[in-house]
Amino acid sequence: MRVSQRVRPVVDPADGRTRTLRAAVLLSLSLSLGLTACGSDPEPPPSPTPTPTPTSGSEDEPRPDPEPTPEPTPERQPGEWPLTGVDSDAVVSRPALAVKIENTPAARPQTGLESADVVWEQIVEFEVARLLAVYHSELPEVVGPIRSVRPMDARIAGPLGGLLVFSGGQDGIVADVARTGLQTMSHDDADEGMYRIDSRPIPHNVYGSPAELLARADDAHQEAPPEQFAFAPDEGQATAVLEGQEAAW
């Protein structure tokens, strides 16, 4: 490599004489190296590492997270009473027996209410209440006092698909109940299984025998009622436990 030089006169401030100053244009080591590099073939950049393409069945293939398995919905077991959800080894396949029970002071204490699976209270006149007691898992010996059918009974008892027992009722209301598919039994029609007692005055003295009434169910009304409520799989998961508030006594 050649190094060029230039010579130019300058005045020496110390003695005023003219001197010559050689100015050498020197190339720095870095520039020399750069020029040397430019004079040779550039080194190719490193090739990128290829990304492996997953193939079907490859161990490196990403797989989606497995979906959680849904919890099975509890279903009514053969050993459960459908209207209470209570387990029992003595479940009997029989229809539900709905009975209209009086709830006035003259009718109290009623007979057999504590054995009912479900009891609906109905306001029928002003502040007068009647009860619709449904018997299935337990059958007391006697129920009563039995009173007349009312318009709301068709919609309440209809889904049970069994028997509806009453002392009597208006023809239109009785027809409405019959259209639901229920089998009706009325004391006014002299249906067996009901009778009057002497210890109470009329009309508070009609009583009945659930066993005798069920024995008169026809062939179309032999099936057990469908579930009417959703039951928790155990007591700890009941709505009253999970969402209820403790009552003050």
# chains A, B, ... in the order shown; residues from 1 in each chain; ligands from 1
call {"tool": "residues_around", "arguments": {"residues": "Asp188 of chain A", "least_positions_apart": "5", "cutoff": "12 Å", "atoms": "only C-alpha atoms", "output": "ChimeraX atom specification"}}
result
/A:146-149,165-171,174,194-196,203,206
call {"tool": "closest_residue", "arguments": {"among": "A:Leu164, A:Ala211, A:Val142, A:Leu182", "to": "Leu97 of chain A", "atoms": "only C-alpha atoms"}}
result
A:Leu164
call {"tool": "select_by_dssp", "arguments": {"residues": "segment 81-220 of chain A", "states": "strand (DSSP E or B)", "output": "count of residues only"}}
result
41
call {"tool": "closest_residue", "arguments": {"among": "A:Asp218, A:Ala129, A:Ala224, A:Gly208", "to": "Pro105 of chain A", "atoms": "only C-alpha atoms"}}
result
A:Ala129
call {"tool": "select_by_dssp", "arguments": {"residues": "segment 105-238 of chain A", "states": "helix (DSSP H, G or I)", "output": "JSON, numbers by chain"}}
result
{"A": [105, 106, 107, 113, 114, 115, 153, 154, 155, 156, 157, 158, 159, 160, 171, 172, 173, 174, 175, 176, 177, 178, 179, 210, 211, 212, 213, 214, 215, 235, 236, 237]}
call {"tool": "write_last_selection", "arguments": {"atoms": "N, CA, C and O atoms", "output": "tab-separated table (two decimals), in the first residue's frame"}}
result
chain	number	residue	atom	x	y	z
A	105	PRO	N	-111.17	-24.03	61.33
A	105	PRO	CA	-111.06	-24.46	62.74
A	105	PRO	C	-111.92	-25.67	63.06
A	105	PRO	O	-111.54	-26.51	63.87
A	106	ALA	N	-113.07	-25.78	62.40
A	106	ALA	CA	-113.96	-26.92	62.66
A	106	ALA	C	-113.35	-28.24	62.18
A	106	ALA	O	-113.78	-29.31	62.62
A	107	ALA	N	-112.38	-28.17	61.27
A	107	ALA	CA	-111.79	-29.38	60.71
A	107	ALA	C	-110.54	-29.83	61.46
A	107	ALA	O	-110.06	-30.95	61.23
A	113	LEU	N	-102.43	-35.85	57.70
A	113	LEU	CA	-101.63	-34.86	56.96
A	113	LEU	C	-100.13	-35.11	57.08
A	113	LEU	O	-99.37	-34.87	56.14
A	114	GLU	N	-99.71	-35.61	58.25
A	114	GLU	CA	-98.28	-35.80	58.46
A	114	GLU	C	-97.68	-36.87	57.55
A	114	GLU	O	-96.46	-36.95	57.39
A	115	SER	N	-98.51	-37.68	56.91
A	115	SER	CA	-98.01	-38.74	56.03
A	115	SER	C	-97.94	-38.31	54.57
A	115	SER	O	-97.43	-39.06	53.73
A	153	ASP	N	-107.57	-26.99	41.42
A	153	ASP	CA	-107.11	-28.37	41.62
A	153	ASP	C	-106.69	-29.04	40.31
A	153	ASP	O	-105.80	-29.89	40.30
A	154	ALA	N	-107.31	-28.67	39.20
A	154	ALA	CA	-106.97	-29.30	37.93
A	154	ALA	C	-105.51	-29.04	37.57
A	154	ALA	O	-104.80	-29.96	37.15
A	155	ARG	N	-105.06	-27.81	37.72
A	155	ARG	CA	-103.69	-27.48	37.34
A	155	ARG	C	-102.67	-27.99	38.35
A	155	ARG	O	-101.54	-28.31	37.99
A	156	ILE	N	-103.05	-28.05	39.60
A	156	ILE	CA	-102.10	-28.52	40.61
A	156	ILE	C	-101.94	-30.04	40.57
A	156	ILE	O	-100.82	-30.56	40.55
A	157	ALA	N	-103.04	-30.74	40.53
A	157	ALA	CA	-103.00	-32.20	40.59
A	157	ALA	C	-102.83	-32.84	39.22
A	157	ALA	O	-102.39	-33.99	39.13
A	158	GLY	N	-103.17	-32.13	38.14
A	158	GLY	CA	-103.10	-32.71	36.81
A	158	GLY	C	-101.75	-33.33	36.46
A	158	GLY	O	-101.71	-34.44	35.93
A	159	PRO	N	-100.61	-32.65	36.73
A	159	PRO	CA	-99.31	-33.22	36.37
A	159	PRO	C	-98.98	-34.53	37.10
A	159	PRO	O	-98.07	-35.24	36.67
A	160	LEU	N	-99.68	-34.84	38.16
A	160	LEU	CA	-99.39	-36.07	38.90
A	160	LEU	C	-99.89	-37.31	38.16
A	160	LEU	O	-99.36	-38.41	38.36
A	171	ASP	N	-120.38	-29.23	38.60
A	171	ASP	CA	-120.17	-30.08	37.42
A	171	ASP	C	-119.07	-29.54	36.51
A	171	ASP	O	-118.26	-30.32	35.98
A	172	GLY	N	-119.04	-28.23	36.30
A	172	GLY	CA	-118.03	-27.65	35.41
A	172	GLY	C	-116.61	-27.85	35.93
A	172	GLY	O	-115.69	-28.14	35.16
A	173	ILE	N	-116.45	-27.73	37.25
A	173	ILE	CA	-115.12	-27.91	37.84
A	173	ILE	C	-114.71	-29.38	37.76
A	173	ILE	O	-113.55	-29.70	37.44
A	174	VAL	N	-115.65	-30.29	38.02
A	174	VAL	CA	-115.36	-31.71	37.94
A	174	VAL	C	-114.97	-32.08	36.51
A	174	VAL	O	-114.05	-32.88	36.28
A	175	ALA	N	-115.64	-31.47	35.52
A	175	ALA	CA	-115.31	-31.74	34.13
A	175	ALA	C	-113.91	-31.23	33.78
A	175	ALA	O	-113.17	-31.88	33.03
A	176	ASP	N	-113.54	-30.06	34.33
A	176	ASP	CA	-112.19	-29.53	34.09
A	176	ASP	C	-111.12	-30.48	34.62
A	176	ASP	O	-110.09	-30.70	33.98
A	177	VAL	N	-111.37	-31.05	35.79
A	177	VAL	CA	-110.41	-31.98	36.36
A	177	VAL	C	-110.32	-33.24	35.51
A	177	VAL	O	-109.22	-33.77	35.25
A	178	ALA	N	-111.45	-33.73	35.04
A	178	ALA	CA	-111.45	-34.95	34.24
A	178	ALA	C	-110.68	-34.76	32.93
A	178	ALA	O	-110.04	-35.69	32.44
A	179	ARG	N	-110.69	-33.52	32.39
A	179	ARG	CA	-109.99	-33.26	31.13
A	179	ARG	C	-108.47	-33.31	31.30
A	179	ARG	O	-107.73	-33.43	30.32
A	210	PRO	N	-107.04	-44.30	52.30
A	210	PRO	CA	-106.16	-44.28	51.11
A	210	PRO	C	-105.97	-45.64	50.47
A	210	PRO	O	-105.94	-45.75	49.24
A	211	ALA	N	-105.84	-46.69	51.25
A	211	ALA	CA	-105.63	-48.02	50.68
A	211	ALA	C	-106.84	-48.44	49.83
A	211	ALA	O	-106.69	-48.98	48.73
A	212	GLU	N	-108.05	-48.20	50.35
A	212	GLU	CA	-109.24	-48.56	49.60
A	212	GLU	C	-109.41	-47.70	48.35
A	212	GLU	O	-109.84	-48.18	47.30
A	213	LEU	N	-109.06	-46.43	48.45
A	213	LEU	CA	-109.19	-45.54	47.29
A	213	LEU	C	-108.23	-45.96	46.18
A	213	LEU	O	-108.60	-46.01	45.01
A	214	LEU	N	-106.98	-46.26	46.55
A	214	LEU	CA	-106.00	-46.69	45.54
A	214	LEU	C	-106.36	-48.03	44.94
A	214	LEU	O	-106.05	-48.30	43.77
A	215	ALA	N	-107.03	-48.86	45.69
A	215	ALA	CA	-107.42	-50.18	45.17
A	215	ALA	C	-108.44	-50.06	44.05
A	215	ALA	O	-108.60	-51.00	43.26
A	235	GLU	N	-77.77	-33.99	51.11
A	235	GLU	CA	-78.23	-32.87	51.93
A	235	GLU	C	-77.29	-31.66	51.86
A	235	GLU	O	-77.73	-30.52	51.92
A	236	GLY	N	-75.98	-31.92	51.72
A	236	GLY	CA	-75.03	-30.82	51.69
A	236	GLY	C	-75.15	-29.93	50.48
A	236	GLY	O	-74.66	-28.80	50.48
A	237	GLN	N	-75.80	-30.42	49.40
A	237	GLN	CA	-75.97	-29.64	48.19
A	237	GLN	C	-77.38	-29.10	48.02
A	237	GLN	O	-77.73	-28.58	46.96
call {"tool": "closest_residue", "arguments": {"among": "A:Gly112, A:Gly244, A:Gly161, A:Pro233", "to": "Pro140 of chain A", "atoms": "only C-alpha atoms"}}
result
A:Gly112
call {"tool": "residues_around", "arguments": {"residues": "segment 81-91 of chain A", "least_positions_apart": "6", "cutoff": "12 Å", "atoms": "only C-alpha atoms", "output": "list in words"}}
result
Pro74, Glu75, Leu97, Ser115, Ala116, Asp117, Val118, Val119, Val134, Tyr135, His136, Ser137, Glu138, Pro159, Leu160, Glu223, Ala224, Pro225, Pro226, Glu227, Gln228, Phe229, Ala230, Phe231, Ala232, Pro233, Asp234, Glu235 and Ala238 of chain A
call {"tool": "atom_distance", "arguments": {"atom1": "atom CA of Glu141 of chain A", "atom2": "atom CA of Val124 of chain A"}}
result
27.2 Å
call {"tool": "closest_residue", "arguments": {"among": "A:Glu246, A:Val128, A:Pro201, A:Gln222", "to": "Ser93 of chain A", "atoms": "only C-alpha atoms"}}
result
A:Gln222
